[in-house]
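A.B. asks: Quick one, work.txt (compact mmCIF, C-alpha atoms and all ligand atoms):
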# COMPACT_ATOMS: atom_id res chain seq x y z
CA MET A 22 400.90 -44.53 -15.48
CA SER A 23 398.11 -44.92 -12.94
CA ALA A 24 399.69 -42.38 -10.57
CA ASP A 25 397.58 -39.37 -11.54
CA LYS A 26 394.30 -41.27 -12.15
CA PRO A 27 392.47 -42.29 -8.94
CA PHE A 28 390.30 -44.82 -10.84
CA LEU A 29 393.39 -46.67 -12.11
CA ARG A 30 395.09 -46.61 -8.72
CA VAL A 31 392.10 -48.48 -7.28
CA LEU A 32 392.01 -50.97 -10.17
CA ASP A 33 395.70 -51.56 -9.46
CA GLY A 34 394.81 -52.52 -5.89
CA ALA A 35 395.03 -49.33 -3.82
CA VAL A 36 392.40 -48.46 -1.22
CA ALA A 37 391.47 -44.79 -1.69
CA SER A 38 392.34 -42.75 1.41
CA GLY A 39 389.49 -40.32 0.75
CA PRO A 40 386.28 -40.71 -1.29
CA PRO A 41 386.25 -43.64 -3.73
CA PRO A 42 386.64 -42.88 -7.45
CA VAL A 43 383.27 -42.86 -9.18
CA TRP A 44 381.69 -43.27 -12.61
CA LEU A 45 378.23 -44.50 -13.61
CA MET A 46 377.26 -47.17 -16.11
CA ARG A 47 375.46 -45.47 -19.03
CA GLN A 48 376.59 -42.10 -17.68
CA ALA A 49 376.19 -40.63 -21.17
CA GLY A 50 372.60 -40.79 -22.26
CA ARG A 51 369.04 -39.63 -22.26
CA TYR A 52 368.86 -38.32 -18.65
CA LEU A 53 371.13 -35.47 -19.85
CA PRO A 54 369.44 -32.66 -21.85
CA GLU A 55 372.71 -31.98 -23.70
CA TYR A 56 372.78 -35.64 -24.85
CA ARG A 57 369.19 -35.47 -26.12
CA ALA A 58 370.12 -32.33 -28.05
CA ILE A 59 373.02 -33.90 -29.97
CA ARG A 60 371.27 -37.26 -30.32
CA ALA A 61 368.49 -35.46 -32.24
CA THR A 62 371.02 -34.43 -34.90
CA ALA A 63 371.87 -38.01 -36.02
CA PRO A 64 369.58 -40.03 -38.29
CA SER A 65 370.07 -43.29 -36.37
CA PHE A 66 371.67 -44.48 -33.15
CA LEU A 67 374.29 -46.55 -35.00
CA ASP A 68 375.21 -43.52 -37.16
CA PHE A 69 375.57 -41.61 -33.92
CA CYS A 70 377.93 -44.26 -32.49
CA TYR A 71 380.00 -44.30 -35.73
CA THR A 72 380.39 -40.50 -35.94
CA PRO A 73 383.52 -39.63 -33.92
CA ARG A 74 382.54 -35.97 -33.44
CA LEU A 75 379.23 -37.00 -31.80
CA ALA A 76 380.58 -39.99 -29.87
CA VAL A 77 383.43 -37.87 -28.47
CA GLU A 78 381.01 -35.15 -27.39
CA ALA A 79 378.59 -37.65 -25.76
CA THR A 80 381.50 -39.24 -23.85
CA LEU A 81 382.71 -35.86 -22.58
CA GLN A 82 379.33 -34.44 -21.51
CA PRO A 83 379.05 -36.28 -18.16
CA ILE A 84 382.74 -35.60 -17.43
CA ARG A 85 382.25 -31.85 -17.87
CA ARG A 86 379.08 -31.81 -15.81
CA PHE A 87 380.08 -34.11 -12.94
CA GLY A 88 383.87 -34.59 -13.06
CA PHE A 89 383.61 -38.38 -12.90
CA ASP A 90 386.91 -40.22 -12.42
CA ALA A 91 386.43 -42.27 -15.57
CA ALA A 92 384.90 -41.66 -18.98
CA ILE A 93 383.40 -44.61 -20.85
CA LEU A 94 383.67 -44.69 -24.61
CA PHE A 95 380.29 -43.83 -26.13
CA SER A 96 379.27 -46.76 -28.31
CA ASP A 97 377.14 -49.89 -27.94
CA ILE A 98 377.74 -53.61 -27.43
CA LEU A 99 375.86 -54.35 -30.68
CA VAL A 100 378.56 -52.85 -32.93
CA VAL A 101 380.22 -56.29 -32.68
CA PRO A 102 377.41 -58.22 -34.45
CA ASP A 103 377.19 -55.28 -36.86
CA ALA A 104 380.90 -55.67 -37.66
CA LEU A 105 380.39 -59.44 -38.06
CA GLY A 106 377.95 -58.68 -40.87
CA GLN A 107 374.62 -59.12 -39.06
CA ALA A 108 372.11 -56.38 -39.88
CA VAL A 109 371.58 -54.24 -36.73
CA SER A 110 369.33 -51.23 -36.26
CA PHE A 111 367.79 -49.33 -33.35
CA GLU A 112 364.15 -48.32 -33.49
CA THR A 113 363.33 -45.32 -31.36
CA GLY A 114 361.28 -46.44 -28.39
CA HIS A 115 361.69 -50.15 -29.24
CA GLY A 116 365.37 -50.86 -28.75
CA PRO A 117 367.64 -52.95 -30.97
CA ARG A 118 366.51 -55.01 -33.98
CA LEU A 119 368.76 -57.63 -35.62
CA GLU A 120 368.24 -60.22 -38.37
CA PRO A 121 368.08 -63.30 -36.07
CA VAL A 122 370.79 -65.98 -36.31
CA THR A 123 369.14 -69.30 -35.44
CA SER A 124 370.44 -71.86 -37.95
CA GLU A 125 373.67 -73.17 -39.46
CA SER A 126 372.96 -71.24 -42.65
CA ASP A 127 372.35 -67.96 -40.76
CA PHE A 128 375.62 -68.51 -38.91
CA ALA A 129 377.49 -69.37 -42.11
CA ALA A 130 376.45 -65.98 -43.55
CA LEU A 131 378.35 -64.11 -40.80
CA ARG A 132 381.92 -62.96 -41.25
CA THR A 133 384.57 -65.10 -39.55
CA THR A 134 386.46 -62.02 -38.29
CA LEU A 135 385.47 -58.46 -37.38
CA ASP A 136 385.26 -55.85 -40.12
CA LEU A 137 387.80 -53.47 -38.57
CA ASP A 138 387.13 -50.82 -41.22
CA ARG A 139 383.54 -50.63 -40.00
CA LEU A 140 384.86 -50.09 -36.45
CA ALA A 141 387.51 -47.53 -37.45
CA PRO A 142 385.34 -44.59 -36.21
CA VAL A 143 385.30 -46.19 -32.73
CA PHE A 144 389.11 -46.27 -32.62
CA GLU A 145 389.25 -42.69 -33.90
CA THR A 146 386.83 -41.68 -31.13
CA ILE A 147 389.13 -43.25 -28.52
CA ALA A 148 392.25 -41.55 -29.89
CA THR A 149 390.50 -38.17 -29.91
CA LEU A 150 389.19 -38.63 -26.37
CA LYS A 151 392.64 -39.56 -25.15
CA ALA A 152 393.87 -36.13 -26.23
CA LEU A 153 390.90 -34.22 -24.80
CA LEU A 154 390.26 -35.81 -21.40
CA PRO A 155 391.63 -34.21 -18.23
CA ARG A 156 394.82 -35.99 -17.09
CA GLU A 157 393.15 -37.31 -13.92
CA THR A 158 390.27 -38.92 -15.88
CA ALA A 159 390.69 -42.52 -17.06
CA LEU A 160 389.16 -43.81 -20.30
CA ILE A 161 387.25 -47.10 -20.26
CA GLY A 162 386.57 -49.19 -23.35
CA PHE A 163 384.10 -52.06 -23.42
CA CYS A 164 382.39 -54.90 -25.19
CA GLY A 165 379.40 -57.07 -24.42
CA ALA A 166 380.16 -60.54 -23.07
CA PRO A 167 379.56 -63.32 -25.62
CA TRP A 168 376.45 -64.64 -23.84
CA THR A 169 374.73 -61.23 -23.66
CA VAL A 170 375.63 -60.32 -27.27
CA ALA A 171 374.50 -63.77 -28.47
CA SER A 172 371.17 -63.31 -26.70
CA TYR A 173 370.46 -60.36 -29.05
CA MET A 174 371.94 -62.11 -32.10
CA VAL A 175 369.66 -65.13 -31.66
CA ALA A 176 366.43 -63.35 -30.64
CA GLY A 177 366.94 -60.39 -32.96
CA ARG A 178 365.81 -58.07 -30.18
CA GLY A 179 365.80 -57.60 -26.42
CA THR A 180 363.69 -60.22 -24.60
CA PRO A 181 362.50 -60.40 -20.98
CA ASP A 182 364.20 -63.75 -20.27
CA GLN A 183 366.64 -64.34 -23.16
CA GLY A 184 364.45 -67.36 -23.97
CA PRO A 185 365.44 -67.80 -27.64
CA ALA A 186 369.19 -68.01 -26.87
CA ARG A 187 368.64 -70.28 -23.86
CA ARG A 188 366.56 -72.63 -25.98
CA LEU A 189 369.08 -72.70 -28.83
CA ALA A 190 371.91 -73.40 -26.34
CA TYR A 191 370.02 -76.49 -25.08
CA ALA A 192 368.78 -77.66 -28.48
CA ASP A 193 371.98 -77.16 -30.49
CA PRO A 194 374.95 -76.59 -28.16
CA ALA A 195 377.41 -77.21 -31.01
CA LEU A 196 376.02 -74.35 -33.12
CA PHE A 197 375.58 -72.07 -30.13
CA GLY A 198 379.12 -72.91 -28.98
CA ARG A 199 380.52 -71.87 -32.37
CA MET A 200 378.69 -68.55 -32.06
CA ILE A 201 380.16 -68.01 -28.60
CA ASP A 202 383.66 -68.94 -29.84
CA ARG A 203 383.32 -66.48 -32.72
CA LEU A 204 382.34 -63.77 -30.21
CA VAL A 205 385.25 -64.63 -27.90
CA GLU A 206 387.71 -64.15 -30.78
CA ALA A 207 385.97 -60.99 -31.99
CA SER A 208 385.97 -59.56 -28.44
CA ILE A 209 389.69 -60.19 -27.98
CA THR A 210 390.47 -58.42 -31.27
CA TYR A 211 388.07 -55.57 -30.55
CA LEU A 212 389.37 -54.94 -27.00
CA ASP A 213 393.00 -55.22 -28.16
CA ARG A 214 392.34 -52.52 -30.78
CA GLN A 215 390.65 -50.35 -28.15
CA PHE A 216 393.77 -50.57 -25.97
CA GLU A 217 395.92 -49.78 -28.99
CA ALA A 218 393.82 -46.64 -29.63
CA GLY A 219 394.28 -45.52 -26.02
CA VAL A 220 391.82 -46.90 -23.43
CA ASP A 221 393.20 -47.45 -19.90
CA ALA A 222 390.88 -50.32 -18.94
CA VAL A 223 387.97 -52.27 -20.41
CA GLN A 224 384.71 -53.59 -19.02
CA VAL A 225 382.98 -56.74 -20.27
CA PHE A 226 379.21 -56.32 -19.84
CA ASP A 227 377.36 -59.61 -19.23
CA SER A 228 374.02 -57.97 -18.48
CA TRP A 229 372.00 -61.17 -18.82
CA ALA A 230 374.29 -63.63 -16.99
CA GLY A 231 371.78 -63.86 -14.14
CA VAL A 232 369.18 -65.97 -15.96
CA LEU A 233 371.33 -69.09 -16.42
CA PRO A 234 371.46 -72.19 -14.19
CA VAL A 235 374.89 -73.10 -12.87
CA GLY A 236 376.12 -75.43 -15.63
CA GLU A 237 374.98 -73.09 -18.38
CA TYR A 238 376.52 -70.11 -16.57
CA GLU A 239 379.85 -71.94 -16.39
CA THR A 240 379.76 -72.86 -20.10
CA TRP A 241 378.36 -69.69 -21.66
CA CYS A 242 379.54 -66.94 -19.25
CA LEU A 243 382.57 -68.02 -17.20
CA GLU A 244 384.52 -70.02 -19.80
CA PRO A 245 384.18 -67.27 -22.45
CA LEU A 246 385.20 -64.61 -19.90
CA ARG A 247 388.25 -66.67 -18.92
CA ALA A 248 389.11 -67.11 -22.61
CA ILE A 249 388.83 -63.36 -23.26
CA VAL A 250 391.03 -62.55 -20.24
CA THR A 251 393.64 -65.12 -21.27
CA GLY A 252 393.61 -64.15 -24.96
CA LEU A 253 393.77 -60.42 -24.31
CA ARG A 254 396.56 -60.74 -21.71
CA ARG A 255 398.57 -62.81 -24.19
CA LEU A 256 398.54 -59.71 -26.42
CA ARG A 257 398.65 -57.17 -23.56
CA PRO A 258 400.08 -58.64 -20.37
CA GLY A 259 398.96 -55.93 -17.97
CA ALA A 260 395.49 -55.32 -19.46
CA ARG A 261 393.00 -54.12 -16.84
CA ILE A 262 389.73 -55.97 -17.36
CA ILE A 263 386.58 -55.35 -15.29
CA GLY A 264 384.11 -58.25 -15.38
CA PHE A 265 380.42 -57.52 -14.99
CA PRO A 266 378.47 -60.76 -14.87
CA ARG A 267 375.21 -59.19 -13.73
CA ALA A 268 374.16 -62.00 -11.42
CA GLY A 269 373.97 -63.12 -7.81
CA ALA A 270 376.52 -63.80 -5.10
CA SER A 271 377.50 -67.36 -6.03
CA GLN A 272 378.05 -66.40 -9.67
CA ILE A 273 380.21 -63.43 -8.58
CA LEU A 274 382.31 -65.66 -6.37
CA ALA A 275 382.85 -68.06 -9.30
CA ALA A 276 383.75 -65.13 -11.59
CA SER A 277 386.48 -64.03 -9.17
CA ARG A 278 388.44 -67.05 -10.43
CA THR A 279 388.52 -65.98 -14.11
CA GLY A 280 391.57 -63.70 -13.87
CA VAL A 281 389.65 -60.42 -14.17
CA THR A 282 391.25 -57.33 -12.61
CA ALA A 283 388.02 -56.29 -10.88
CA LEU A 284 384.36 -57.26 -10.60
CA SER A 285 381.34 -55.01 -10.93
CA LEU A 286 378.44 -55.95 -8.64
CA ASP A 287 374.74 -55.85 -9.49
CA THR A 288 372.45 -54.08 -7.04
CA PRO A 289 371.18 -57.13 -5.09
CA VAL A 290 374.70 -58.33 -4.15
CA ASP A 291 375.40 -57.39 -0.52
CA PRO A 292 378.60 -55.28 -0.46
CA ALA A 293 379.48 -56.52 3.05
CA TRP A 294 379.19 -60.11 1.84
CA ALA A 295 381.37 -59.30 -1.18
CA ASN A 296 383.97 -57.70 1.07
CA ALA A 297 384.15 -60.77 3.30
CA ALA A 298 383.84 -63.46 0.62
CA LEU A 299 385.84 -62.28 -2.41
CA PRO A 300 389.62 -62.78 -2.64
CA PRO A 301 391.40 -60.17 -0.48
CA GLY A 302 392.51 -57.14 -2.49
CA LEU A 303 390.31 -57.85 -5.52
CA PRO A 304 388.88 -54.47 -6.55
CA VAL A 305 385.09 -54.23 -6.60
CA GLN A 306 382.85 -51.78 -8.43
CA GLY A 307 379.28 -50.85 -7.62
CA ASN A 308 376.53 -51.09 -6.67
CA LEU A 309 373.98 -48.34 -6.00
CA ASP A 310 370.41 -49.17 -6.97
CA PRO A 311 369.51 -47.02 -10.03
CA LEU A 312 366.07 -46.60 -8.41
CA ALA A 313 367.64 -45.09 -5.26
CA LEU A 314 369.24 -42.52 -7.55
CA ILE A 315 365.81 -41.72 -8.98
CA ALA A 316 364.31 -41.51 -5.47
CA GLY A 317 366.97 -39.14 -4.14
CA GLY A 318 366.79 -37.59 -0.66
CA ALA A 319 367.63 -39.39 2.57
CA ALA A 320 367.07 -42.81 0.97
CA LEU A 321 369.81 -42.06 -1.54
CA ASP A 322 372.20 -40.85 1.20
CA ARG A 323 371.63 -44.04 3.20
CA ALA A 324 372.17 -46.25 0.17
CA VAL A 325 375.46 -44.48 -0.67
CA ASP A 326 376.72 -44.75 2.92
CA ARG A 327 375.82 -48.40 3.22
CA ILE A 328 377.81 -49.35 0.13
CA ARG A 329 380.86 -47.40 1.28
CA GLU A 330 380.71 -48.98 4.73
CA GLY A 331 380.23 -52.46 3.30
CA LEU A 332 383.30 -52.18 1.10
CA ALA A 333 385.53 -50.32 3.58
CA GLY A 334 389.14 -51.50 3.44
CA ARG A 335 388.84 -52.98 -0.07
CA PRO A 336 389.76 -51.27 -3.35
CA HIS A 337 386.36 -49.85 -4.40
CA VAL A 338 385.13 -47.90 -7.41
CA PHE A 339 381.73 -46.41 -6.69
CA ASN A 340 379.14 -47.06 -9.44
CA LEU A 341 375.57 -48.18 -9.98
CA GLY A 342 374.54 -51.85 -9.98
CA HIS A 343 373.24 -51.38 -13.55
CA GLY A 344 372.87 -48.50 -16.02
CA ILE A 345 371.44 -45.12 -15.07
CA LEU A 346 367.79 -44.78 -16.11
CA PRO A 347 366.59 -42.04 -18.51
CA GLU A 348 364.20 -40.56 -15.91
CA THR A 349 367.00 -39.92 -13.36
CA PRO A 350 366.98 -36.27 -12.15
CA VAL A 351 370.35 -34.59 -12.69
CA PRO A 352 370.26 -32.96 -9.19
CA HIS A 353 370.15 -36.45 -7.66
CA VAL A 354 373.43 -37.32 -9.37
CA GLU A 355 374.86 -34.13 -7.87
CA ARG A 356 373.54 -35.11 -4.44
CA MET A 357 375.10 -38.57 -4.73
CA LEU A 358 378.46 -36.99 -5.59
CA SER A 359 378.39 -34.51 -2.73
CA ARG A 360 377.48 -37.31 -0.31
CA LEU A 361 380.35 -39.40 -1.63
CA ARG A 362 382.83 -36.57 -1.65
CA GLY A 363 381.86 -35.43 1.81
CA GLY A 364 380.14 -32.15 0.88
CA ALA A 365 376.91 -30.72 2.32
O1 LIG B 401 377.81 -46.25 -20.44
C1 LIG B 401 377.87 -45.36 -21.31
O2 LIG B 401 377.56 -44.18 -21.11
C2 LIG B 401 378.45 -45.73 -22.68
C3 LIG B 401 377.53 -46.10 -23.66
C4 LIG B 401 376.77 -47.41 -23.67
C5 LIG B 401 375.52 -47.54 -24.35
N1 LIG B 401 375.16 -48.86 -24.33
C6 LIG B 401 374.82 -46.43 -25.01
C7 LIG B 401 373.41 -46.59 -25.40
C8 LIG B 401 377.09 -48.69 -23.16
C9 LIG B 401 378.27 -49.12 -22.29
C10 LIG B 401 376.06 -49.58 -23.60
C11 LIG B 401 376.06 -51.02 -23.31
C12 LIG B 401 374.90 -51.84 -23.65
N2 LIG B 401 374.09 -51.75 -24.76
C13 LIG B 401 374.48 -52.97 -22.91
C14 LIG B 401 375.15 -53.51 -21.67
C15 LIG B 401 374.92 -52.69 -20.47
C16 LIG B 401 373.53 -52.69 -19.94
O3 LIG B 401 373.00 -51.58 -19.79
O4 LIG B 401 373.00 -53.75 -19.62
C17 LIG B 401 373.35 -53.51 -23.56
C18 LIG B 401 372.55 -54.73 -23.12
C19 LIG B 401 373.13 -52.75 -24.74
C20 LIG B 401 372.11 -52.97 -25.81
C21 LIG B 401 371.22 -51.82 -25.99
N3 LIG B 401 371.60 -50.59 -26.49
C22 LIG B 401 369.83 -51.75 -25.71
C23 LIG B 401 369.02 -52.88 -25.12
C24 LIG B 401 369.41 -50.47 -26.05
C25 LIG B 401 367.99 -49.94 -26.06
C26 LIG B 401 367.50 -49.67 -24.70
C27 LIG B 401 367.62 -48.22 -24.40
O5 LIG B 401 368.14 -47.87 -23.32
O6 LIG B 401 367.17 -47.42 -25.24
C28 LIG B 401 370.53 -49.74 -26.50
C29 LIG B 401 370.56 -48.32 -26.97
C30 LIG B 401 371.51 -47.41 -26.28
N4 LIG B 401 372.82 -47.68 -26.00
C31 LIG B 401 371.22 -46.07 -25.85
C32 LIG B 401 372.41 -45.57 -25.31
C33 LIG B 401 372.63 -44.17 -24.76
C34 LIG B 401 369.89 -45.36 -26.04
C35 LIG B 401 369.65 -45.08 -27.49
C36 LIG B 401 369.36 -43.61 -27.82
O7 LIG B 401 369.96 -42.70 -27.22
O8 LIG B 401 368.53 -43.39 -28.71
Could you spell out this file's structure in structure tokens?
C.D. replies:
Amino acid sequence: MSADKPFLRVLDGAVASGPPPVWLMRQAGRYLPEYRAIRATAPSFLDFCYTPRLAVEATLQPIRRFGFDAAILFSDILVVPDALGQAVSFETGHGPRLEPVTSESDFAALRTTLDLDRLAPVFETIATLKALLPRETALIGFCGAPWTVASYMVAGRGTPDQGPARRLAYADPALFGRMIDRLVEASITYLDRQFEAGVDAVQVFDSWAGVLPVGEYETWCLEPLRAIVTGLRRLRPGARIIGFPRAGASQILAASRTGVTALSLDTPVDPAWANAALPPGLPVQGNLDPLALIAGGAALDRAVDRIREGLAGRPHVFNLGHGILPETPVPHVERMLSRLRGGA
């Protein structure tokens, strides 16, 4: 099944003979004028995510423009708390807002399992995409990792240091642990349904893994990731799961022992180190600096080359180290692709 999709061949352990397959985290979004145009037609960001016609179109836009090797489902990690009954909204210019969960009684008000009817438009979006994507383009589903999702559930918003969740985890590890367990179960169900609807692989985004000291990282990031991998593979033995604990080298090395299919590297992780230190044959994704993509020019070319050289000989999917930024010039994405693909 992976034969005609270069992205899947690499996830299955092949080293590309030519240019590496490429996609970009947050490749659908505000840096594209055609995204801003359709985004303006929806009353709210969550409505946008739950309208298959719009989510399908947003997913396809970067594929049409750039011919990336993988499309990522257009949605958000915060649909999971939404489908657990927590009020979620997005305020333009301010990011997500949630009714914070900080006590036993707040937690008791949540659903015990996901409201799959609420998520039905997501599965419809996947099924529609499956029929529309070019045969060589893979489809990636995703969820947020329990720690990162919990950091929004507890704080009720994005925070610079995830302080509210870190404090709750120290002060009441039993309550925080039950929240994480609930998210592990919800993530397994959600990813299983995404596979059923047609995704080829999934990525688990742990965007805020990098703030935790080692013991906390083990408890709140690694153990839940291991549990998701084990639980999902029990339902789907061959499931391809990309882990993205956005953190440093030692945390990445530890994450290589969770059973994930591949690891996505944040920008500061040295690709040459990763190539030498990670288990042989483990596919790696990454890790261009989103700021190098904004800078463009010779600095961008050098950054692209250095990553390719560092990961030579290992299965490698080219990507950013974190999501593309809204101010990224479209011609710089084109330059990155022609550098990668060996053009002028
Ligand atoms: O990658 C893709 O193209 C698929 C879509 C996708 C979005 N969010 C769309 C989005 C994915 C994979 C995400 C994941 C996500 N969402 C993460 C993990 C990855 C990461 O970047 O760290 C996180 C932490 C979130 C939570 C979230 N969603 C925040 C903090 C914000 C507001 C900040 C911002 O960029 O505006 C969002 C909103 C959001 N999610 C937008 C998009 C395109 C912008 C909203 C808009 O268009 O109005």
A.B. asks: Write as a PyMOL selection string the residues around ligand LIG 401 (chain B), taking 8 Å as the cut-off and counting all atoms listed in the file.
C.D. replies: chain A and resi 45-51+56-57+60+65-66+80+93-99+111+113-117+163-165+169-170+178-179+226-229+343-344+346-347
A.B. asks: Please indicate the distance in Å from CA of Leu274 (chain A) to CA of Val250 (chain A), rounded to one decimal place.
C.D. replies: 16.7 Å
A.B. asks: Would you list the residues near (379.3, -66.6, -18.6) (no more than 8 Å away, in the coordinates of the file, using all atoms listed in the file) as a PDB file with C-alpha atoms, in the coordinates of the input?
C.D. replies:
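Saved file result-v1.pdb follows:
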ATOM      1  CA  ALA A 166     380.160 -60.540 -23.070  1.00  0.00           C
ATOM      2  CA  PRO A 167     379.560 -63.320 -25.620  1.00  0.00           C
ATOM      3  CA  TRP A 168     376.450 -64.640 -23.840  1.00  0.00           C
ATOM      4  CA  ASP A 227     377.360 -59.610 -19.230  1.00  0.00           C
ATOM      5  CA  ALA A 230     374.290 -63.630 -16.990  1.00  0.00           C
ATOM      6  CA  GLU A 237     374.980 -73.090 -18.380  1.00  0.00           C
ATOM      7  CA  TYR A 238     376.520 -70.110 -16.570  1.00  0.00           C
ATOM      8  CA  GLU A 239     379.850 -71.940 -16.390  1.00  0.00           C
ATOM      9  CA  THR A 240     379.760 -72.860 -20.100  1.00  0.00           C
ATOM     10  CA  TRP A 241     378.360 -69.690 -21.660  1.00  0.00           C
ATOM     11  CA  CYS A 242     379.540 -66.940 -19.250  1.00  0.00           C
ATOM     12  CA  LEU A 243     382.570 -68.020 -17.200  1.00  0.00           C
ATOM     13  CA  GLU A 244     384.520 -70.020 -19.800  1.00  0.00           C
ATOM     14  CA  PRO A 245     384.180 -67.270 -22.450  1.00  0.00           C
ATOM     15  CA  LEU A 246     385.200 -64.610 -19.900  1.00  0.00           C
ATOM     16  CA  PRO A 266     378.470 -60.760 -14.870  1.00  0.00           C
TER      17      PRO A 266
END
A.B. asks: Pick the closest to Asp213 (chain A) from A:Arg132, A:Arg255, A:Phe28, A:Ala316: which is it, counting all atoms listed in the file?
C.D. replies: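 For Asp213 (chain A), the nearest of the candidates is A:Arg255.
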A.B. asks: One decimal, Å: what's the distance from CA of Thr149 (chain A) over to CA of Ile84 (chain A), could you say?
C.D. replies: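 Between CA of Thr149 (chain A) and CA of Ile84 (chain A) the gap works out to 14.9 Å.
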A.B. asks: What separation in Å, quoted to one decimal, exists between CA of Gly302 (chain A) and CA of Ser271 (chain A)?
C.D. replies: 18.5 Å
A.B. asks: Point out the residue among A:Ala276, A:Ala79, A:Leu160, A:Ala63 with the least atom-to-atom distance to Pro27 (chain A), counting all atoms listed in the file.
C.D. replies: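 Result for the nearest residue to Pro27 (chain A): A:Leu160.
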A.B. asks: Which polymer residues have any atom within 9 Å of an atom of region 197-202 of chain A, counting all atoms listed in the file, with same-chain residues fewer than 3 positions away left out, as a PyMOL selection string?
C.D. replies: chain A and resi 123+128+167-168+171+186+189-194+205-207+240-241+245
A.B. asks: What's the 6 Å shell around Val338 (chain A), counting only C-alpha atoms, without same-chain residues fewer than 2 positions away, as a list of chain:residue names?
C.D. replies: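 So, after excluding close chain neighbours, the residues are A:Pro41, A:Pro42, A:Val43, A:Gln306.
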A.B. asks: Would you please work out which residue, of A:Tyr173, A:Gln183, A:Ile147, A:Leu204, is nearest to Ala218 (chain A) when using only C-alpha atoms?
C.D. replies: A:Ile147
A.B. asks: Could you tell me which of A:Ala91, A:Leu332, A:Ala295, A:Ala76 comes closest to Ala222 (chain A) if we count only C-alpha atoms?
C.D. replies: A:Ala91
A.B. asks: Which residues are near Leu299 (chain A)? Cut-off 10 Å, all atoms listed in the file, ignore same chain within fewer than 3 positions. Put them as a PyMOL selection string.
C.D. replies: chain A and resi 270+273-278+284+294-296+302-305
A.B. asks: Nearest to Ile161 (chain A) among A:Tyr71, A:Phe87, A:Tyr52, A:Phe216, with distances taken over only C-alpha atoms: which residue is it?
C.D. replies: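 Among the listed residues, the smallest separation from Ile161 (chain A) belongs to A:Phe216.
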A.B. asks: Between A:Gly252, A:Gly269, A:Gly259, A:Pro102, which residue has the minimum interatomic distance to Val235 (chain A), considering only C-alpha atoms?
C.D. replies: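 Of A:Gly252, A:Gly269, A:Gly259, A:Pro102, the one nearest Val235 (chain A) is A:Gly269, counting only C-alpha atoms.
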A.B. asks: Do a neighbour search on Pro185 (chain A) at 8 Å with only C-alpha atoms, toss out local chain neighbours closer than 4 positions, and write the hits as a list in words.
C.D. replies: Ser172, Val175, Ala176 and Leu189 of chain A
A.B. asks: Take the residues from that selection and put them in a file with C-alpha atoms, as a PDB file, in the coordinates of the input.
C.D. replies:
ATOM      1  CA  SER A 172     371.170 -63.310 -26.700  1.00  0.00           C
ATOM      2  CA  VAL A 175     369.660 -65.130 -31.660  1.00  0.00           C
ATOM      3  CA  ALA A 176     366.430 -63.350 -30.640  1.00  0.00           C
ATOM      4  CA  LEU A 189     369.080 -72.700 -28.830  1.00  0.00           C
TER       5      LEU A 189
END
A.B. asks: Would you kindly identify which residues have an atom no farther than 6 Å from (378.3, -42.3, 1.3), using all atoms listed in the file and the file's own coordinates, and write them out as a PyMOL selection string?
C.D. replies: chain A and resi 325-326+329+360-361
A.B. asks: Excluding Thr133 (chain A) and any residue of its chain fewer than 3 positions from it, enumerate the residues within 9 Å of it, using only C-alpha atoms, and give them as a list in words.
C.D. replies: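 Contacts, in chain order: Leu105, Ala129, Arg203 and Ala207 of chain A.
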A.B. asks: Can you complete the atoms of region 246-255 of chain A to N, CA and C atoms and list them as an mmCIF file, in the coordinates of the input?
C.D. replies:
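Result saved to rebuild.cif:
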data_model
loop_
_atom_site.group_PDB
_atom_site.id
_atom_site.type_symbol
_atom_site.label_atom_id
_atom_site.label_comp_id
_atom_site.auth_asym_id
_atom_site.auth_seq_id
_atom_site.Cartn_x
_atom_site.Cartn_y
_atom_site.Cartn_z
ATOM 1 N N LEU A 246 384.518 -65.728 -20.568
ATOM 2 C CA LEU A 246 385.200 -64.610 -19.900
ATOM 3 C C LEU A 246 386.664 -64.964 -19.645
ATOM 4 N N ARG A 247 386.867 -66.194 -19.150
ATOM 5 C CA ARG A 247 388.250 -66.670 -18.920
ATOM 6 C C ARG A 247 389.047 -66.646 -20.224
ATOM 7 N N ALA A 248 388.407 -67.063 -21.314
ATOM 8 C CA ALA A 248 389.110 -67.110 -22.610
ATOM 9 C C ALA A 248 389.448 -65.695 -23.098
ATOM 10 N N ILE A 249 388.550 -64.748 -22.856
ATOM 11 C CA ILE A 249 388.830 -63.360 -23.260
ATOM 12 C C ILE A 249 389.987 -62.804 -22.435
ATOM 13 N N VAL A 250 389.953 -63.051 -21.118
ATOM 14 C CA VAL A 250 391.030 -62.550 -20.240
ATOM 15 C C VAL A 250 392.363 -63.147 -20.678
ATOM 16 N N THR A 251 392.386 -64.462 -20.900
ATOM 17 C CA THR A 251 393.640 -65.120 -21.270
ATOM 18 C C THR A 251 394.136 -64.639 -22.632
ATOM 19 N N GLY A 252 393.225 -64.549 -23.604
ATOM 20 C CA GLY A 252 393.610 -64.150 -24.960
ATOM 21 C C GLY A 252 394.085 -62.707 -25.010
ATOM 22 N N LEU A 253 393.403 -61.837 -24.289
ATOM 23 C CA LEU A 253 393.770 -60.420 -24.310
ATOM 24 C C LEU A 253 395.107 -60.195 -23.589
ATOM 25 N N ARG A 254 395.302 -60.918 -22.463
ATOM 26 C CA ARG A 254 396.560 -60.740 -21.710
ATOM 27 C C ARG A 254 397.755 -61.318 -22.461
ATOM 28 N N ARG A 255 397.478 -62.289 -23.359
ATOM 29 C CA ARG A 255 398.570 -62.810 -24.190
ATOM 30 C C ARG A 255 399.087 -61.676 -25.094
#
